[in-house]
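Asks: Dropping the structure in here first, questions after.
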Amino acid sequence: AACIIFFDINITLHQSCMIVFILFISTLSCTGIGLMAAILPLISVESGAQATYIVQGLLLIFSGIYYKVGVLPKWAQAISKLSPITYTLEACRKVLENNNDISYEVYIISIISLIAIPLGLYTFSLAERYTKVVGKLKRNG
């Protein structure tokens, strides 16, 4: 919304609705990844919160936020295919370019969501059990 105001972008209601839909399904997949990153503060209390920034930075680097994925080395392009943000950005770019064929990107984001959310819940529950057994959750103050 801010970009539309500041950069005088002409966007239709249909394009806006498509972008909101893309962002909604992308949020689901990022929630799963966030659940997996949330175990880092449980496992390492001292540096776990800072380690989540590493996960965030890696997602940003490999997803094509700063530059197109095509300029990355081949090994980094392979990693970028695992990130839902890569497909989110590509779908939003297509919508803004009036190319409404985003079915591939939506399909991939949905598949990642279906995998990431249960996997995130499972890994978080494992980490929670581990920290209870080790006693890291029993603190005062």
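In the structure tokens, chains take the letters A, B, ... in the order shown, each chain's residues start at 1, and ligands count up from 1 in the order shown.
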Identify, on the basis of only C-alpha atoms, every residue whose closest approach to segment 115-130 of chain A does not exceed 9 Å; exclude the query and any residue fewer than 2 positions from it along the same chain; express the result as a PyMOL selection string.
Replies: chain A and resi 28-40+42-43+110-113+132-137
Asks: Determine, counting only C-alpha atoms, which protein, DNA and RNA residues have an atom within 12 Å of an atom of Lys81 of chain A; residues of the same chain fewer than 6 positions away are not included. Present the result as a PyMOL selection string.
Replies: chain A and resi 59+62-64+69-70+72+74-75+87-88+90+105+108-109+112
Asks: From the set A:Gln77, A:Gln50, A:Thr86, A:Ser44, which residue has the shortest atom-to-atom contact distance to Thr131 of chain A, counting only C-alpha atoms?
Replies: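 Of all the options, A:Ser44 lies closest to Thr131 of chain A.
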Asks: So what do you get for atom CA of Ala2 of chain A versus atom CA of Tyr66 of chain A, distance-wise?
Replies: 18.5 Å
Asks: Just the helix (DSSP H, G or I) stuff from chain A, please, per backbone DSSP, written as an MDAnalysis selection string.
Replies: chainID A and resid 2:7 13:37 39:43 48:63 69:71 74:80 84:96 103:134
Asks: Pick out the closest residue to Lys68 of chain A from this set: A:Leu114, A:His14, A:Gln56, A:Leu89. Count only C-alpha atoms.
Replies: A:Leu89
Asks: Measure the distance from atom CA of Val55 of chain A to atom CA of Ser83 of chain A in Å and round it to one decimal.
Replies: 11.4 Å
Asks: As an exercise, work out the distance from atom CA of Cys17 of chain A to atom CA of Tyr107 of chain A in Å and give it to one decimal place.
Replies: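 Atom CA of Tyr107 of chain A lies 17.4 Å from atom CA of Cys17 of chain A.
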